[in-house]
Amino acid sequence: METPIFLIKKISRYAFLVFAIISVNFLLPRLMPGDPLVFLFGEEVYGAAMRDPALLNSLTAKYGLDLPVSEQFFVYLQHLARGDLGYSFSYGRPISEIVIERMQLTLMMTVPSTIFSLVIGTALGLSLGWEPGKLVKRAVSAGALLVHSVPTYWLGMLSITIFSLWLGLTPVGGAPPGGATLQEYLSHLALPMSVLTLFNSAYVAIMVRGLTIEVSDEPFVIAALSKGLKPIRFISRHLLRPSLPPLLSLIAIEMGFAFSGALLVEIVFSWPGMGYTMWQAVTERDYPLLQAAFTMVALIVIGANAIADALSYIVDPRMRQA
Amino acid sequence: MSSDMFGLGLDRSNTHKTLLSCIAVTKRFKSGKGSVLAVDGISFAVRNGEVIALVGESGSGKTTLAKIMAALIPPTSGDVYFESLPLSSMSRLDLMRFRKRVQFIPQFPDLALDPTWYLYDSIAEPLRIHGMVNSRAQELEIVRNNSSRFGLSIDQLRRKPRDLSGGEVQRAVIARALAINPDLVIADEPTSMLDPSTQAKIMRQLLDAHSERGFALLLVTHDLDLAKAVSERICVMLKGKIVEEGSTDEIFSNPMHPYTRSLMRGEIIMKEDDWQAACPYYGQCSDRLDRCTSSYPPELKICKERFVRCWRVA
Amino acid sequence: MRFGYSPSKVELLGIALVSAVVTMALFSYLPDGLFGAPSKSPYSPPSLQNLLGTNDIGEDVFSVLLRGSRVSLTIGFLGAAVSTLIGTLIGIIAGSSRGILDDLLGSLTDLFLVVPALPLMIVLAAYLGPSFINVVAVIGLLWWPTTARLVRARARQVTESLFVEGLIGIGARKLYIIFRHILPNVLGIVFARFVLAVSSSILLEAGLSFIGLGDPQNPSWGTMLHFAMTRGALLYGAWWTFIPPGFCISLTSLGFILIGMGIEHRISSGTKSVGGFA
Ligand SMILES: Nc1ncnc2c1ncn2[C@@H]1O[C@H](COP(=O)(O)OP(=O)(O)OP(=O)(O)O)[C@@H](O)[C@H]1O
Ligand SMILES: [Mg+2]
């Protein structure tokens, strides 16, 4: 009986979040200091429109810029519903095409990397959190912290220097041309994915380690262990089961981090995903493209959160009353 | 124990004006899916300057009632009257006046004071809030007087709660309540967390202050001996209701409710029972009647200021 | 604990790292050219004249690094201060209220937690244009949700503790209770969060500057990486231009993380020392 209310609450929350992102997207260019037209058209088109009244008129009509703001929002929503995100002058293509194409490249890197880092990080975190006082484990934990403090893009620069320039093992950057083999893809992805996975595993390991220490400090666990509970049983019964929901939300947050990290790593490796696109948009002042890229990233991260929520809902029925 | 163990020579013949009263007060707590009726239609009054004890076993609703009387939690129904002014319709100013004149001492001293504040400041705080001191010197004077009366040294006042024992913190809580010279002190088992000798000492100091300043004291306790020793009147609570009320002498010389009698014998183990009887004591009662299952006995007036709720007596 | 503050090994390491960076920042105020004069040749490798070599326009990398430490630290502190202030205010108000206010602020915090912060910062900074103040504002305005959530949880705990009821009993007003009693009780967490936020701010600033959204007038370590990336140092193999700034970013951020974790640990475990990092 309580389940539908809970579900409706959750769903409406995500719906609101998506709506909020869309509204912010609509409002930002209009509220920022400066001429909103620059932000709406991108710098180059703005320059052209200023010289060519006919172009300015057609653009104004397209975005409904002569209408009151509330109606502009309506026009904006209509465009969005049609999948029309505007036109990128720097690429000379419709933005929706660019964004969809590049999102695939980003996902190609982040999804496997996220899965790897969850597996590696969880295993590492569990073992580090178990009897954490040992010298080796403390050293590894400190190492994980250090890795977590290192900017991913810098790690990328180091690895390019070592593996591409000095050792000549991998291509310096870029994506393979269309129709490339899996092997070619792998050779391009090996370095950025390793960097990303290293960084994210360190983060997951730190979190899981903390969780493990916390749970193994609980009086009932200490009592159970002193009575001879086996570590494996402890991990499955006392650690994994109760901490699955927090672990799932951790995964969701981790996806967010992985994305942020990936955005910057892409730039270093010239991997033409969302991060690289955002970077180019910033450099070219192609604001519509920048905004569309941000929206896509935000939507994916929100989607990851929603999936994590749904999973913890399935895993842990107690959540349904919350 | 003699009834005048503290040797106060309390004047018990004096009848006083009503200070704080509650009428038909009920409190229902929601817990999970169901709810608990912690206080079930209680009416009683505290008079100026008297010591009145509220006794009952654990879970009978004493703390809840005491907090309602101190305006710390709102009743579900019914109202509390302070000098015949209802709490529910008090203005901000009236409520402030009420807070200045009625003080509550909580049951657990551990967390009763802000852990980040020095004891001195905590004790001085009500004085500052009510603007009762004009100078630091005056404040120091009052705080020191009230603390030393409860055996707190200046050195202890310079510490924070975690650097003091539970007993010392409880002394500070009492000193704070008394610092602003209230007309009524509601003390919720002020000594129950302490060892017996400290208990007796603190109680004695509290009663000394009472006889010196003449504030009324509503003492919540599960210790009948203590109630007998210090109070003029006693209310016996059972499952959210007052089942017997009367002067201490009368209750002890002639306890009428079987629950009161078992409390006096020290058998205060209340088992959860499955009886769906109207009287909550039915399961344990040695004198039960058939009608106890169907209807709850009304308040039977025995004589002036003496009530009992038991079909046996009727 | 009772008898004063004695830092753990972890905190000591953190303090050592942070002190080193602060010393760097102080050295940057010494006259220009003291550590190595600009050279005519760009990308000259480390030598006795230029300890860390020169960059694409022949500047002494070591001098640029020193000046960068000043910028990174300042933005780190300011960004952390703004975000901690916002997070504390929102958290404390939400945690000590009930009903709509708590719901509203709580949902706002949750919403912001889900939106990926760095991409949003990139968009905002791109609109606002690269400047020192804008970088601080963007970090400060978007990095508060974690702090708000933690402060809210702690404030809620304090609000429900017995002594607050006692304060109501002696006639204390709500705002008085919030600022005089709840605030001091959440200050430990706020301080730990602030130190951790400095670490995040430094990393975020570096990220924004790396993308090219940093203040060109005040080049930071991130700006150095940006130029190394965009002006060919990476492909030229001039490792001395980008290894030192990355090293500094990592160690500074680690230093603040260590101190922050030490404080968090202290708060959560009181005086006992669990076998963690401490
Ligand atoms: N905040 C609350 N929420 C739900 N139930 C409550 C709450 N406070 C008290 N109760 C319930 O109300 C009943 C009476 O509690 P109360 O604390 O008033 O008892 P008491 O007589 O003071 O007991 P003790 O002698 O142990 O202090 C108990 O059953 C308790 O579980
Ligand atoms: Mg009680």
# chains A, B, ... in the order shown; residues from 1 in each chain; ligands from 1
call {"tool": "interface_residues", "arguments": {"of": "chain A", "to": "chain C", "cutoff": "7 Å", "atoms": "only C-alpha atoms", "output": "PyMOL selection string"}}
result
chain A and resi 17+32+132-133+138+146+149-151+154+157+161+256+260+279+282+290-291+294+298+301-302
call {"tool": "write_last_selection", "arguments": {"atoms": "C-alpha atoms", "output": "short mmCIF file (atom, residue, chain, number, x, y, z; two decimals), in the first residue's frame"}}
result
data_model
loop_
_atom_site.label_atom_id
_atom_site.label_comp_id
_atom_site.auth_asym_id
_atom_site.auth_seq_id
_atom_site.Cartn_x
_atom_site.Cartn_y
_atom_site.Cartn_z
CA LEU A 17 15.35 17.19 -11.34
CA MET A 32 24.23 35.72 -17.29
CA PRO A 132 43.35 -2.19 8.92
CA GLY A 133 46.20 -1.74 11.39
CA ARG A 138 48.11 1.19 5.85
CA LEU A 146 47.43 9.69 -2.87
CA SER A 149 44.42 13.31 -4.80
CA VAL A 150 46.13 13.19 -8.17
CA PRO A 151 44.34 15.00 -11.01
CA TRP A 154 47.85 14.93 -15.06
CA MET A 157 49.88 13.46 -19.27
CA THR A 161 54.92 10.76 -21.78
CA GLY A 256 29.14 11.05 -11.45
CA SER A 260 33.85 14.26 -14.25
CA TRP A 279 36.57 21.61 -23.94
CA VAL A 282 34.74 26.35 -24.29
CA LEU A 290 28.59 23.40 -24.34
CA GLN A 291 25.16 23.54 -22.84
CA PHE A 294 26.36 19.45 -20.10
CA ALA A 298 23.75 15.52 -16.33
CA VAL A 301 24.39 10.84 -14.24
CA ILE A 302 20.81 11.34 -13.07
#
call {"tool": "residues_near_ligand", "arguments": {"ligand": "ligand 2", "cutoff": "7 Å", "atoms": "only C-alpha atoms and all ligand atoms", "output": "list in words"}}
result
Ser58, Gly61, Lys62, Thr63, Gln107 and Asp188 of chain B
call {"tool": "write_last_selection", "arguments": {"atoms": "all heavy atoms", "output": "PDB file, in the first residue's frame"}}
result
ATOM      1  N   SER B  58       8.108   2.290  35.864  1.00  0.00           N
ATOM      2  CA  SER B  58       8.669   2.705  34.587  1.00  0.00           C
ATOM      3  C   SER B  58       7.638   2.543  33.464  1.00  0.00           C
ATOM      4  O   SER B  58       6.973   1.519  33.375  1.00  0.00           O
ATOM      5  CB  SER B  58       9.906   1.859  34.291  1.00  0.00           C
ATOM      6  OG  SER B  58      10.589   2.403  33.211  1.00  0.00           O
ATOM      7  N   GLY B  61       4.172   6.832  32.324  1.00  0.00           N
ATOM      8  CA  GLY B  61       3.853   8.121  31.722  1.00  0.00           C
ATOM      9  C   GLY B  61       4.207   9.316  32.576  1.00  0.00           C
ATOM     10  O   GLY B  61       3.772  10.431  32.293  1.00  0.00           O
ATOM     11  N   LYS B  62       5.024   9.098  33.586  1.00  0.00           N
ATOM     12  CA  LYS B  62       5.379  10.201  34.496  1.00  0.00           C
ATOM     13  C   LYS B  62       6.137  11.304  33.778  1.00  0.00           C
ATOM     14  O   LYS B  62       5.785  12.481  33.883  1.00  0.00           O
ATOM     15  CB  LYS B  62       6.259   9.661  35.641  1.00  0.00           C
ATOM     16  CG  LYS B  62       5.668   8.522  36.407  1.00  0.00           C
ATOM     17  CD  LYS B  62       6.559   8.093  37.554  1.00  0.00           C
ATOM     18  CE  LYS B  62       7.922   7.565  37.130  1.00  0.00           C
ATOM     19  NZ  LYS B  62       7.882   6.284  36.428  1.00  0.00           N
ATOM     20  N   THR B  63       7.170  10.903  33.047  1.00  0.00           N
ATOM     21  CA  THR B  63       7.977  11.910  32.359  1.00  0.00           C
ATOM     22  C   THR B  63       7.123  12.679  31.360  1.00  0.00           C
ATOM     23  O   THR B  63       7.199  13.910  31.278  1.00  0.00           O
ATOM     24  CB  THR B  63       9.153  11.235  31.633  1.00  0.00           C
ATOM     25  OG1 THR B  63       9.968  10.595  32.602  1.00  0.00           O
ATOM     26  CG2 THR B  63       9.967  12.232  30.863  1.00  0.00           C
ATOM     27  N   GLN B 107      15.415  13.898  33.607  1.00  0.00           N
ATOM     28  CA  GLN B 107      15.737  12.618  34.241  1.00  0.00           C
ATOM     29  C   GLN B 107      17.202  12.211  34.042  1.00  0.00           C
ATOM     30  O   GLN B 107      17.808  11.634  34.921  1.00  0.00           O
ATOM     31  CB  GLN B 107      14.817  11.561  33.622  1.00  0.00           C
ATOM     32  CG  GLN B 107      14.841  10.224  34.289  1.00  0.00           C
ATOM     33  CD  GLN B 107      13.699   9.355  33.772  1.00  0.00           C
ATOM     34  OE1 GLN B 107      12.940   9.750  32.884  1.00  0.00           O
ATOM     35  NE2 GLN B 107      13.557   8.172  34.329  1.00  0.00           N
ATOM     36  N   ASP B 188      12.168  15.610  37.391  1.00  0.00           N
ATOM     37  CA  ASP B 188      11.851  14.283  36.890  1.00  0.00           C
ATOM     38  C   ASP B 188      12.935  13.310  37.358  1.00  0.00           C
ATOM     39  O   ASP B 188      13.987  13.211  36.747  1.00  0.00           O
ATOM     40  CB  ASP B 188      11.796  14.325  35.362  1.00  0.00           C
ATOM     41  CG  ASP B 188      11.345  12.997  34.771  1.00  0.00           C
ATOM     42  OD1 ASP B 188      10.960  12.104  35.544  1.00  0.00           O
ATOM     43  OD2 ASP B 188      11.399  12.859  33.534  1.00  0.00           O
TER      44      ASP B 188
END
call {"tool": "residues_near_ligand", "arguments": {"ligand": "ligand 1", "cutoff": "9 Å", "atoms": "only C-alpha atoms and all ligand atoms", "output": "ChimeraX atom specification"}}
result
/B:27-32,35-39,55-67,107,188-189,220-222,237-240
call {"tool": "residues_around", "arguments": {"residues": "C:Asp60", "least_positions_apart": "2", "cutoff": "10 Å", "atoms": "only C-alpha atoms", "output": "tab-separated table (two decimals) with C-alpha atoms, in the first residue's frame"}}
result
chain	number	residue	atom	x	y	z
C	33	GLY	CA	64.27	36.27	-10.89
C	35	PHE	CA	65.29	31.56	-8.32
C	36	GLY	CA	66.09	31.69	-11.97
C	37	ALA	CA	66.01	34.43	-14.55
C	38	PRO	CA	63.86	34.14	-17.64
C	39	SER	CA	65.84	32.57	-20.41
C	42	PRO	CA	61.90	28.22	-24.61
C	43	TYR	CA	61.68	24.67	-23.31
C	44	SER	CA	65.21	24.54	-22.03
C	46	PRO	CA	66.45	21.92	-16.01
C	49	GLN	CA	70.31	28.63	-14.13
C	50	ASN	CA	66.76	27.34	-14.29
C	51	LEU	CA	66.24	24.63	-11.70
C	52	LEU	CA	63.10	23.37	-13.38
C	53	GLY	CA	63.91	24.56	-16.86
C	54	THR	CA	61.87	27.04	-18.85
C	55	ASN	CA	58.46	26.94	-20.46
C	56	ASP	CA	57.15	27.77	-23.91
C	57	ILE	CA	57.86	31.49	-23.59
C	58	GLY	CA	61.15	31.07	-21.76
C	62	PHE	CA	60.28	27.26	-10.79
C	63	SER	CA	59.29	30.92	-10.43
C	64	VAL	CA	55.98	30.29	-12.18
C	65	LEU	CA	55.42	27.33	-9.89
C	241	THR	CA	56.82	22.02	-17.42
call {"tool": "atom_distance", "arguments": {"atom1": "atom CA of C:Arg173", "atom2": "atom CA of B:Thr26"}}
result
26.6 Å
call {"tool": "interface_residues", "arguments": {"of": "chain C", "to": "chain B", "cutoff": "12 Å", "atoms": "only C-alpha atoms", "output": "PDB file with C-alpha atoms, in the first residue's frame"}}
result
ATOM      1  CA  MET C   1      42.526  15.099  24.266  1.00  0.00           C
ATOM      2  CA  ARG C   2      41.510  16.680  27.485  1.00  0.00           C
ATOM      3  CA  PHE C   3      44.987  17.968  28.043  1.00  0.00           C
ATOM      4  CA  VAL C 158      21.951  17.947  18.325  1.00  0.00           C
ATOM      5  CA  THR C 159      18.489  19.437  17.997  1.00  0.00           C
ATOM      6  CA  GLU C 160      16.949  16.235  19.232  1.00  0.00           C
ATOM      7  CA  SER C 161      19.300  15.898  22.163  1.00  0.00           C
ATOM      8  CA  LEU C 162      18.090  16.515  25.661  1.00  0.00           C
ATOM      9  CA  PHE C 163      19.836  19.782  26.339  1.00  0.00           C
ATOM     10  CA  VAL C 164      17.936  21.584  23.606  1.00  0.00           C
ATOM     11  CA  GLU C 165      14.688  20.677  25.328  1.00  0.00           C
ATOM     12  CA  GLY C 166      16.239  22.080  28.490  1.00  0.00           C
ATOM     13  CA  LEU C 167      16.989  25.310  26.650  1.00  0.00           C
ATOM     14  CA  ILE C 168      13.404  25.619  25.503  1.00  0.00           C
ATOM     15  CA  GLY C 169      12.512  25.089  29.144  1.00  0.00           C
ATOM     16  CA  ILE C 170      14.542  28.063  30.297  1.00  0.00           C
ATOM     17  CA  GLY C 171      12.954  30.247  27.642  1.00  0.00           C
ATOM     18  CA  ALA C 172      15.590  30.304  24.911  1.00  0.00           C
ATOM     19  CA  ARG C 173      14.427  31.449  21.466  1.00  0.00           C
ATOM     20  CA  TYR C 176      19.381  31.879  19.909  1.00  0.00           C
ATOM     21  CA  ILE C 177      19.483  28.098  20.268  1.00  0.00           C
ATOM     22  CA  ARG C 180      24.624  29.803  20.425  1.00  0.00           C
ATOM     23  CA  HIS C 181      24.190  26.077  20.939  1.00  0.00           C
ATOM     24  CA  ILE C 182      23.700  24.097  17.753  1.00  0.00           C
ATOM     25  CA  LEU C 183      26.384  25.974  15.854  1.00  0.00           C
ATOM     26  CA  PRO C 184      29.144  25.295  18.412  1.00  0.00           C
ATOM     27  CA  ASN C 185      28.140  21.654  18.405  1.00  0.00           C
ATOM     28  CA  VAL C 186      28.451  21.280  14.630  1.00  0.00           C
ATOM     29  CA  LEU C 187      31.633  23.326  14.424  1.00  0.00           C
ATOM     30  CA  GLY C 188      33.849  20.232  14.578  1.00  0.00           C
ATOM     31  CA  GLY C 270      36.241  10.919  20.658  1.00  0.00           C
ATOM     32  CA  THR C 271      39.398   9.973  22.469  1.00  0.00           C
TER      33      THR C 271
END
call {"tool": "select_by_dssp", "arguments": {"residues": "stretch 93-167 of chain B", "states": "helix (DSSP H, G or I)", "output": "ChimeraX atom specification"}}
result
/B:93-101,119-129,136-149,154-157,161-163,166-167
call {"tool": "select_by_dssp", "arguments": {"residues": "stretch 42-129 of chain A", "states": "strand (DSSP E)", "output": "ChimeraX atom specification"}}
result
/A:87-88,93-94
call {"tool": "atom_distance", "arguments": {"atom1": "atom CA of A:Leu65", "atom2": "atom CA of A:Phe19"}}
result
21.1 Å
call {"tool": "closest_residue", "arguments": {"among": "B:Asp208, B:Asp155, B:Glu244, B:Asp40", "to": "B:Leu300", "atoms": "only C-alpha atoms"}}
result
B:Glu244
call {"tool": "residues_around", "arguments": {"residues": "B:Cys292", "least_positions_apart": "6", "cutoff": "7 Å", "atoms": "only C-alpha atoms", "output": "list in words"}}
result
Ala277, Ala278, Cys279, Tyr282 and Trp311 of chain B
call {"tool": "atom_distance", "arguments": {"atom1": "atom CA of B:Val236", "atom2": "atom CA of B:Ala187"}}
result
16.0 Å
call {"tool": "closest_residue", "arguments": {"among": "C:Gly87, C:Gly262, C:Pro219, C:Gly79", "to": "C:Ser8", "atoms": "only C-alpha atoms"}}
result
C:Gly262
call {"tool": "residues_around", "arguments": {"residues": "stretch 209-216 of chain B", "least_positions_apart": "6", "cutoff": "10 Å", "atoms": "only C-alpha atoms", "output": "PyMOL selection string"}}
result
chain B and resi 8-11+19-20+46-52+101-102+146+149-150+178+181-186+203
call {"tool": "write_last_selection", "arguments": {"atoms": "C-alpha atoms", "output": "short mmCIF file (atom, residue, chain, number, x, y, z; two decimals), in the first residue's frame"}}
result
data_model
loop_
_atom_site.label_atom_id
_atom_site.label_comp_id
_atom_site.auth_asym_id
_atom_site.auth_seq_id
_atom_site.Cartn_x
_atom_site.Cartn_y
_atom_site.Cartn_z
CA LEU B 8 12.18 19.72 57.72
CA GLY B 9 9.15 19.86 59.92
CA LEU B 10 7.07 20.50 56.85
CA ASP B 11 3.91 22.38 57.46
CA LEU B 19 -0.33 27.27 40.90
CA LEU B 20 -0.29 24.85 38.01
CA VAL B 46 0.08 21.66 42.12
CA ARG B 47 -0.35 24.33 44.77
CA ASN B 48 1.90 27.16 45.76
CA GLY B 49 4.81 26.02 47.86
CA GLU B 50 3.88 22.38 48.27
CA VAL B 51 5.88 19.25 47.59
CA ILE B 52 3.85 16.80 45.58
CA ARG B 101 8.71 30.82 36.89
CA VAL B 102 8.48 27.11 36.13
CA ASN B 146 23.46 28.46 43.79
CA ARG B 149 24.78 25.20 47.78
CA PHE B 150 24.88 22.03 45.68
CA LEU B 178 17.10 27.34 40.87
CA ASN B 181 14.23 31.68 41.64
CA PRO B 182 11.28 29.84 40.12
CA ASP B 183 7.91 29.38 41.79
CA LEU B 184 7.68 25.77 40.70
CA VAL B 185 10.33 23.17 40.09
CA ILE B 186 9.31 20.05 38.21
CA MET B 203 17.76 15.52 47.54
#
call {"tool": "residues_around", "arguments": {"residues": "B:Leu226", "least_positions_apart": "4", "cutoff": "12 Å", "atoms": "only C-alpha atoms", "output": "MDAnalysis selection string"}}
result
chainID B and resid 1:6 51:55 189:192 196 199:200 203:204 207 219:222 230:232 234 248 264
call {"tool": "residues_around", "arguments": {"residues": "stretch 43-45 of chain A", "least_positions_apart": "4", "cutoff": "6 Å", "atoms": "only C-alpha atoms", "output": "mmCIF file with C-alpha atoms, in the first residue's frame"}}
result
data_model
loop_
_atom_site.group_PDB
_atom_site.id
_atom_site.type_symbol
_atom_site.label_atom_id
_atom_site.label_comp_id
_atom_site.auth_asym_id
_atom_site.auth_seq_id
_atom_site.Cartn_x
_atom_site.Cartn_y
_atom_site.Cartn_z
ATOM 1 C CA VAL A 38 26.113 35.569 -27.704
ATOM 2 C CA ALA A 49 24.299 37.941 -37.159
ATOM 3 C CA ARG A 285 32.877 29.809 -27.282
#
